[in-house]
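Peer 1: Next up, data.cif (mmCIF, C-alpha atoms).
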```cif
data_structure
loop_
_atom_site.label_atom_id
_atom_site.label_comp_id
_atom_site.auth_asym_id
_atom_site.auth_seq_id
_atom_site.Cartn_x
_atom_site.Cartn_y
_atom_site.Cartn_z
CA MET A 1 112.95 128.71 115.67
CA ILE A 2 112.96 125.34 117.49
CA LYS A 3 109.29 125.81 118.41
CA PHE A 4 108.50 126.47 114.73
CA ILE A 5 110.31 123.29 113.68
CA PHE A 6 108.35 121.21 116.19
CA CYS A 7 105.09 122.76 114.98
CA VAL A 8 105.90 121.90 111.37
CA LEU A 9 106.97 118.38 112.36
CA GLY A 10 103.76 117.90 114.34
CA LEU A 11 101.68 119.09 111.39
CA PHE A 12 103.52 116.70 109.06
CA LEU A 13 102.98 113.74 111.40
CA SER A 14 99.28 114.55 111.75
CA PHE A 15 98.98 114.79 107.98
CA SER A 16 100.74 111.43 107.61
CA VAL A 17 98.38 109.81 110.12
CA PHE A 18 95.30 111.08 108.26
CA SER A 19 96.84 109.90 104.98
CA SER A 20 97.50 106.45 106.44
CA ASP A 21 93.97 106.19 107.87
CA ASN A 22 92.41 107.11 104.55
CA TYR A 23 94.61 104.61 102.75
CA LYS A 24 93.57 101.84 105.15
CA LYS A 25 89.90 102.66 104.58
CA GLY A 26 90.48 102.56 100.84
CA TYR A 27 92.30 99.25 101.05
CA SER A 28 89.56 97.72 103.21
CA ALA A 29 86.94 98.86 100.71
CA TYR A 30 89.00 97.43 97.84
CA VAL A 31 89.34 94.04 99.55
CA ALA A 32 85.56 94.08 100.12
CA LYS A 33 85.19 94.81 96.37
CA ASP A 34 83.50 98.13 97.13
CA PHE A 35 85.53 99.81 94.42
CA THR A 36 83.55 103.05 94.44
CA GLN A 37 84.43 103.66 98.09
CA ALA A 38 87.97 102.45 97.51
CA ILE A 39 88.40 105.17 94.89
CA VAL A 40 87.03 107.80 97.29
CA TRP A 41 89.44 106.92 100.11
CA PHE A 42 92.44 106.29 97.89
CA GLN A 43 91.80 109.69 96.31
CA LYS A 44 91.84 111.37 99.72
CA ALA A 45 95.03 109.58 100.76
CA ALA A 46 96.66 110.23 97.38
CA ASN A 47 95.91 113.95 97.61
CA GLN A 48 97.59 113.88 101.03
CA GLY A 49 100.71 112.42 99.43
CA ASN A 50 100.33 108.73 100.27
CA THR A 51 102.54 106.94 97.74
CA GLN A 52 100.75 103.59 97.78
CA ALA A 53 97.37 105.28 97.41
CA GLN A 54 98.68 107.23 94.42
CA PHE A 55 99.89 104.01 92.82
CA ASN A 56 96.65 102.14 93.59
CA LEU A 57 94.61 104.99 92.17
CA GLY A 58 96.73 104.83 89.03
CA VAL A 59 96.11 101.09 88.71
CA MET A 60 92.33 101.45 89.15
CA LEU A 61 92.18 104.24 86.57
CA ASP A 62 94.46 102.24 84.28
CA LYS A 63 92.22 99.17 84.44
CA GLY A 64 88.88 100.91 84.85
CA THR A 65 88.22 99.30 88.22
CA GLY A 66 85.35 101.07 89.98
CA VAL A 67 85.82 104.06 87.72
CA LYS A 68 85.83 104.89 84.03
CA MET A 69 89.11 103.85 82.46
CA ASP A 70 91.35 106.89 82.08
CA SER A 71 94.94 106.17 81.03
CA GLU A 72 95.94 109.84 81.09
CA GLN A 73 94.85 110.23 84.71
CA ALA A 74 96.55 106.92 85.51
CA VAL A 75 99.82 108.35 84.18
CA THR A 76 99.38 111.42 86.40
CA TRP A 77 99.07 109.30 89.54
CA TYR A 78 101.80 106.88 88.52
CA GLN A 79 104.03 109.91 88.01
CA LYS A 80 103.33 111.23 91.51
CA ALA A 81 104.00 107.84 93.10
CA ALA A 82 107.09 107.25 90.95
CA ASN A 83 108.53 110.61 91.96
CA GLN A 84 108.20 109.50 95.58
CA GLY A 85 110.14 106.32 94.88
CA SER A 86 107.43 103.74 94.20
CA ILE A 87 109.24 101.05 92.20
CA ASN A 88 105.99 99.58 90.84
CA ALA A 89 104.87 103.03 89.71
CA GLN A 90 108.22 103.60 88.01
CA LEU A 91 107.79 100.31 86.16
CA ARG A 92 104.20 101.08 85.09
CA LEU A 93 105.22 104.56 83.97
CA ALA A 94 108.04 103.09 81.90
CA GLY A 95 105.61 100.70 80.24
CA MET A 96 103.15 103.47 79.41
CA TYR A 97 105.84 105.67 77.87
CA SER A 98 107.09 102.63 75.96
CA ASP A 99 103.63 101.74 74.62
CA GLY A 100 102.32 105.28 74.27
CA THR A 101 99.38 104.51 76.56
CA GLY A 102 97.86 107.59 78.18
CA VAL A 103 100.82 109.61 77.03
CA LYS A 104 102.76 110.24 73.83
CA ARG A 105 105.23 107.41 73.24
CA ASP A 106 108.67 108.47 74.42
CA GLY A 107 111.43 105.88 74.31
CA VAL A 108 113.89 108.08 76.17
CA LYS A 109 111.52 108.54 79.11
CA ALA A 110 110.60 104.85 79.03
CA VAL A 111 114.25 103.86 79.37
CA ALA A 112 114.81 106.46 82.10
CA TRP A 113 111.97 105.05 84.21
CA TYR A 114 113.02 101.45 83.54
CA GLN A 115 116.49 102.50 84.69
CA LYS A 116 115.14 103.93 87.96
CA ALA A 117 113.10 100.81 88.68
CA ALA A 118 116.01 98.57 87.68
CA ASP A 119 118.42 100.48 89.92
CA ASN A 120 115.89 99.96 92.71
CA GLY A 121 116.09 96.21 92.11
CA HIS A 122 112.94 95.40 90.12
CA PHE A 123 113.68 92.22 88.14
CA PHE A 124 111.30 92.99 85.27
CA ALA A 125 112.77 96.46 84.81
CA GLN A 126 116.21 94.86 84.72
CA PHE A 127 114.99 92.37 82.12
CA SER A 128 113.43 95.19 80.09
CA LEU A 129 116.70 97.12 80.05
CA GLY A 130 118.55 93.96 79.03
CA TYR A 131 116.08 93.40 76.20
CA ARG A 132 116.46 96.98 74.99
CA TYR A 133 120.25 96.87 74.98
CA ALA A 134 120.25 93.45 73.29
CA ASN A 135 117.95 94.61 70.50
CA GLY A 136 118.83 98.30 70.19
CA PHE A 137 115.28 99.25 71.15
CA ASP A 138 115.13 102.89 72.32
CA VAL A 139 118.88 102.71 73.10
CA LYS A 140 122.07 101.99 71.19
CA LYS A 141 122.62 98.23 70.96
CA ASN A 142 125.12 97.11 73.57
CA MET A 143 125.41 93.39 74.33
CA GLU A 144 127.73 93.94 77.28
CA LYS A 145 125.10 96.08 79.01
CA ALA A 146 122.42 93.59 77.97
CA VAL A 147 124.31 90.81 79.73
CA VAL A 148 124.73 92.96 82.85
CA TRP A 149 121.00 93.64 83.16
CA TYR A 150 119.88 90.16 82.13
CA ARG A 151 122.23 88.75 84.75
CA LYS A 152 120.79 90.98 87.48
CA ALA A 153 117.26 89.82 86.65
CA ALA A 154 118.37 86.21 86.19
CA ASN A 155 120.00 86.19 89.62
CA GLN A 156 116.59 87.11 91.02
CA GLY A 157 115.15 84.00 89.38
CA HIS A 158 113.62 85.56 86.24
CA ALA A 159 113.36 82.62 83.83
CA GLN A 160 113.22 84.63 80.60
CA SER A 161 116.43 86.48 81.53
CA GLN A 162 118.09 83.17 82.36
CA ASN A 163 117.10 81.82 78.94
CA GLU A 164 118.34 84.98 77.19
CA LEU A 165 121.72 84.55 78.85
CA GLY A 166 121.75 80.94 77.68
CA VAL A 167 121.12 82.06 74.10
CA ILE A 168 123.73 84.83 74.29
CA PHE A 169 126.52 82.58 75.64
CA SER A 170 125.54 79.66 73.40
CA ASN A 171 125.83 81.78 70.27
CA GLY A 172 128.56 84.20 71.37
CA LEU A 173 126.33 87.21 70.76
CA GLY A 174 128.57 90.16 71.58
CA VAL A 175 130.38 88.09 74.19
CA LYS A 176 132.86 85.22 74.08
CA LYS A 177 131.03 81.98 73.29
CA ASP A 178 130.78 79.91 76.46
CA ASP A 179 128.78 76.69 76.23
CA VAL A 180 129.30 75.85 79.90
CA GLN A 181 127.72 79.14 81.00
CA ALA A 182 125.00 78.68 78.40
CA VAL A 183 124.06 75.28 79.83
CA ALA A 184 124.09 76.64 83.38
CA TRP A 185 121.60 79.39 82.48
CA TYR A 186 119.46 77.12 80.32
CA GLN A 187 119.28 74.69 83.24
CA LYS A 188 118.04 77.37 85.66
CA ALA A 189 115.31 78.51 83.28
CA ALA A 190 114.41 74.96 82.21
CA ASN A 191 113.92 73.96 85.84
CA GLN A 192 111.29 76.70 86.04
CA GLY A 193 109.46 75.26 83.05
CA HIS A 194 110.72 77.66 80.37
CA ALA A 195 110.09 75.83 77.07
CA SER A 196 112.79 77.57 75.01
CA ALA A 197 115.37 76.88 77.71
CA GLN A 198 114.31 73.23 77.81
CA PHE A 199 114.79 73.12 74.04
CA GLY A 200 118.21 74.79 74.36
CA LEU A 201 119.21 72.30 77.02
CA GLY A 202 118.07 69.46 74.77
CA ILE A 203 120.28 70.74 71.95
CA SER A 204 123.22 71.05 74.35
CA TYR A 205 122.85 67.45 75.53
CA GLU A 206 122.29 66.12 72.02
CA ASN A 207 125.47 67.73 70.72
CA GLY A 208 127.63 67.68 73.84
CA TRP A 209 127.92 71.46 73.98
CA GLY A 210 129.02 72.57 77.43
CA VAL A 211 127.96 69.23 78.90
CA ALA A 212 128.66 65.53 78.31
CA LYS A 213 126.75 64.22 75.31
CA ASP A 214 123.64 62.41 76.55
CA LEU A 215 120.89 61.46 74.10
CA ALA A 216 118.54 60.28 76.86
CA ALA A 217 118.81 63.64 78.62
CA ALA A 218 118.32 65.43 75.29
CA LEU A 219 115.13 63.45 74.64
CA ALA A 220 113.84 64.16 78.14
CA TRP A 221 114.26 67.92 77.74
CA TYR A 222 112.88 67.93 74.20
CA GLU A 223 109.81 66.09 75.49
CA LYS A 224 109.27 68.67 78.24
CA ALA A 225 109.49 71.51 75.72
CA ALA A 226 107.34 69.68 73.16
CA LYS A 227 104.57 69.18 75.73
CA GLN A 228 104.43 72.97 76.00
CA GLY A 229 104.03 73.28 72.25
CA HIS A 230 107.62 74.11 71.27
CA SER A 231 107.77 73.31 67.54
CA GLY A 232 111.57 73.00 67.41
CA ALA A 233 111.53 70.45 70.20
CA ARG A 234 108.83 68.44 68.42
CA PHE A 235 110.86 68.47 65.20
CA ASN A 236 114.05 67.32 66.94
CA LEU A 237 112.13 64.59 68.76
CA ASP A 238 110.79 63.28 65.46
CA ILE A 239 114.27 63.26 63.90
CA ILE A 240 115.84 61.44 66.86
CA ASN A 241 113.01 58.91 67.11
CA LYS A 242 113.30 58.13 63.39
CA LYS A 243 117.04 57.53 63.78
CA ILE A 244 116.41 55.23 66.72
CA THR A 245 113.73 53.34 64.75
CA ILE A 246 116.00 52.94 61.71
CA LYS A 247 118.76 51.45 63.84
#
```
Represent the structure from my file as structure tokens, please.

Peer 2:
Amino acid sequence: MIKFIFCVLGLFLSFSVFSSDNYKKGYSAYVAKDFTQAIVWFQKAANQGNTQAQFNLGVMLDKGTGVKMDSEQAVTWYQKAANQGSINAQLRLAGMYSDGTGVKRDGVKAVAWYQKAADNGHFFAQFSLGYRYANGFDVKKNMEKAVVWYRKAANQGHAQSQNELGVIFSNGLGVKKDDVQAVAWYQKAANQGHASAQFGLGISYENGWGVAKDLAAALAWYEKAAKQGHSGARFNLDIINKKITIK
């Protein structure tokens, strides 16, 4: 029995080595932009169960890189990689079920795969779950859950999630209104160049919501947002400048 176990283990290790070698050859070919050969070697490694090769093959089929675009086949390979725990594959699979690309649109499956990727720590999957719970998209609307998932993504530095939290706390959307928290989240996103957060921060400073009233700071943040094309910031800038001129 022990001898049999060692034989099986040895076979598995040999298989893994071949899989790894084929993946490396595929990766080298991809880096060299020899996409035809990359497909060949990734295919070999993927058939041997190499998770990264399965994901890469899915991406190349998804984008039509070195091969005819085939979304259905891409889904097949994403599925294999996702089942082996590839977080990126789980995220891509969620997106394809959400959009109905290469597969019939299925909101339930989309949420399930976003959940797996989010539980594995992927910030965009966490944001996507937050967005769905906030808007009742493919799930029952639940602002408490939205805040939980937005916060997880925001704590990883995701600017859009930080801005969403700012909006939620600023307006008391399903949670107790908290201008101090709103400003804190707007500030984080604004520091990353998020135009809507810069606008939100400008409003907070202009009105003294959650922060000491400071017209100069409001103008500075409005200007940053306006330079990125934010129409609300431009409008508020015009109003403030007219008031200053009149005085």

Peer 1: Taking all atoms listed in the file into account, name the residue in A:Val75, A:Asp179, A:Asn22, A:Asn47 that is nearest to Lys104 (chain A).

Peer 2: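 Distance minimum relative to Lys104 (chain A) lands on A:Val75.
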
Peer 1: Since I can't run it myself right now, could you work out what the PyMOL selection byres ((chain A and resi 110) around 6) selects here and report it as a ChimeraX atom specification?

Peer 2: /A:94,97-98,107-109,111-113

Peer 1: Taking the file as I've supplied it (selection: the PyMOL selection byres ((chain A and resi 209) around 9)), which residues are included? Please answer as a PDB file with C-alpha atoms, in the coordinates of the input.

Peer 2:
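Output below, filename expr.pdb:
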```pdb
ATOM      1  CA  SER A 170     125.540  79.660  73.400  1.00  0.00           C
ATOM      2  CA  ASP A 179     128.780  76.690  76.230  1.00  0.00           C
ATOM      3  CA  VAL A 180     129.300  75.850  79.900  1.00  0.00           C
ATOM      4  CA  ALA A 182     125.000  78.680  78.400  1.00  0.00           C
ATOM      5  CA  VAL A 183     124.060  75.280  79.830  1.00  0.00           C
ATOM      6  CA  ILE A 203     120.280  70.740  71.950  1.00  0.00           C
ATOM      7  CA  SER A 204     123.220  71.050  74.350  1.00  0.00           C
ATOM      8  CA  TYR A 205     122.850  67.450  75.530  1.00  0.00           C
ATOM      9  CA  GLU A 206     122.290  66.120  72.020  1.00  0.00           C
ATOM     10  CA  ASN A 207     125.470  67.730  70.720  1.00  0.00           C
ATOM     11  CA  GLY A 208     127.630  67.680  73.840  1.00  0.00           C
ATOM     12  CA  GLY A 210     129.020  72.570  77.430  1.00  0.00           C
ATOM     13  CA  VAL A 211     127.960  69.230  78.900  1.00  0.00           C
ATOM     14  CA  ALA A 212     128.660  65.530  78.310  1.00  0.00           C
ATOM     15  CA  LYS A 213     126.750  64.220  75.310  1.00  0.00           C
TER      16      LYS A 213
END
```

Peer 1: Can you list, as a PDB file with C-alpha atoms, keeping the file's coordinate frame, every protein, DNA or RNA residue that comes within 10 Å of Trp149 (chain A) when you count all atoms listed in the file, leaving out same-chain residues fewer than 5 positions away?

Peer 2:
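Final output, saved to around.pdb:
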```
ATOM      1  CA  ALA A 118     116.010  98.570  87.680  1.00  0.00           C
ATOM      2  CA  ASP A 119     118.420 100.480  89.920  1.00  0.00           C
ATOM      3  CA  PHE A 123     113.680  92.220  88.140  1.00  0.00           C
ATOM      4  CA  PHE A 124     111.300  92.990  85.270  1.00  0.00           C
ATOM      5  CA  ALA A 125     112.770  96.460  84.810  1.00  0.00           C
ATOM      6  CA  GLN A 126     116.210  94.860  84.720  1.00  0.00           C
ATOM      7  CA  PHE A 127     114.990  92.370  82.120  1.00  0.00           C
ATOM      8  CA  SER A 128     113.430  95.190  80.090  1.00  0.00           C
ATOM      9  CA  LEU A 129     116.700  97.120  80.050  1.00  0.00           C
ATOM     10  CA  GLY A 130     118.550  93.960  79.030  1.00  0.00           C
ATOM     11  CA  TYR A 131     116.080  93.400  76.200  1.00  0.00           C
ATOM     12  CA  ARG A 132     116.460  96.980  74.990  1.00  0.00           C
ATOM     13  CA  TYR A 133     120.250  96.870  74.980  1.00  0.00           C
ATOM     14  CA  ALA A 134     120.250  93.450  73.290  1.00  0.00           C
ATOM     15  CA  MET A 143     125.410  93.390  74.330  1.00  0.00           C
ATOM     16  CA  GLU A 144     127.730  93.940  77.280  1.00  0.00           C
ATOM     17  CA  ALA A 154     118.370  86.210  86.190  1.00  0.00           C
ATOM     18  CA  ASN A 155     120.000  86.190  89.620  1.00  0.00           C
ATOM     19  CA  SER A 161     116.430  86.480  81.530  1.00  0.00           C
TER      20      SER A 161
END
```

Peer 1: Taking into account only C-alpha atoms, which residue in the set A:Lys24, A:Gly229, A:Ile87, A:Asp106 is nearest to Phe137 (chain A)?

Peer 2: A:Asp106

Peer 1: Determine the residue membership of the PyMOL selection byres ((chain A and resi 42) around 8) for the file above and supply it as a list of chain:residue names.

Peer 2: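 Applying the PyMOL selection byres ((chain A and resi 42) around 8) to the structure shown produces A:Asn22, A:Tyr23, A:Gly26, A:Tyr27, A:Ala38, A:Ile39, A:Val40, A:Trp41, A:Gln43, A:Lys44, A:Ala45, A:Ala46, A:Ala53, A:Gln54, A:Asn56, A:Leu57.
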
Peer 1: CA of Phe55 (chain A) and CA of Tyr78 (chain A), how far apart in Å?

Peer 2: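 Pair CA of Tyr78 (chain A) / CA of Phe55 (chain A) returns 5.5 Å.
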
Peer 1: For a test of reading the model, state the distance in Å between CA of Thr76 (chain A) and CA of Asp99 (chain A), rounded to one decimal.

Peer 2: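 CA of Asp99 (chain A) lies 15.8 Å from CA of Thr76 (chain A).
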
Peer 1: Counting all atoms listed in the file, what is within 8 Å of Glu72 (chain A), bar same-chain residues fewer than 4 positions away, as number ranges by chain?

Peer 2: A: 76, 101-103

Peer 1: Of the candidates A:Lys224, A:Arg234, A:His122, A:Lys145, which shows the shortest atom-to-atom distance to Val175 (chain A), using only C-alpha atoms?

Peer 2: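 Ranking A:Lys224, A:Arg234, A:His122, A:Lys145 by distance to Val175 (chain A), first place goes to A:Lys145.
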
Peer 1: Using CA of Lys116 (chain A) and CA of His194 (chain A) as the two end points, give the distance in Å to one decimal.

Peer 2: 27.7 Å

Peer 1: Which one is closest to Phe35 (chain A): A:Ser20, A:Thr65, A:Gln228, A:Asn135? Count only C-alpha atoms.

Peer 2: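 Comparing A:Ser20, A:Thr65, A:Gln228, A:Asn135 against Phe35 (chain A), the winner is A:Thr65.
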
Peer 1: Of the residues A:Gln115, A:Ser231, A:Asn191, A:Asn50, which is the one nearest to Gly95 (chain A), using all atoms listed in the file?

Peer 2: A:Gln115

Peer 1: Show me, as JSON, the centre and edge lengths in Å to one decimal of the axis-aligned box that covers every listed atom of region 81-94 of chain A with 5 Å on each side.

Peer 2:
```
{"center_x": 107.1, "center_y": 105.1, "center_z": 88.7, "size_x": 16.1, "size_y": 21.0, "size_z": 23.7}
```

Peer 1: Hey, what's within 7 Å of Asn163 (chain A) if we count only C-alpha atoms and toss same-chain stuff fewer than 2 positions away? As number ranges by chain, please?

Peer 2: A: 159-161, 165-167, 185-186, 189, 197

Peer 1: For Leu91 (chain A), which residue out of A:Ala233, A:Val59, A:Ala32, A:Val147 is the nearest one, using all atoms listed in the file?

Peer 2: A:Val59
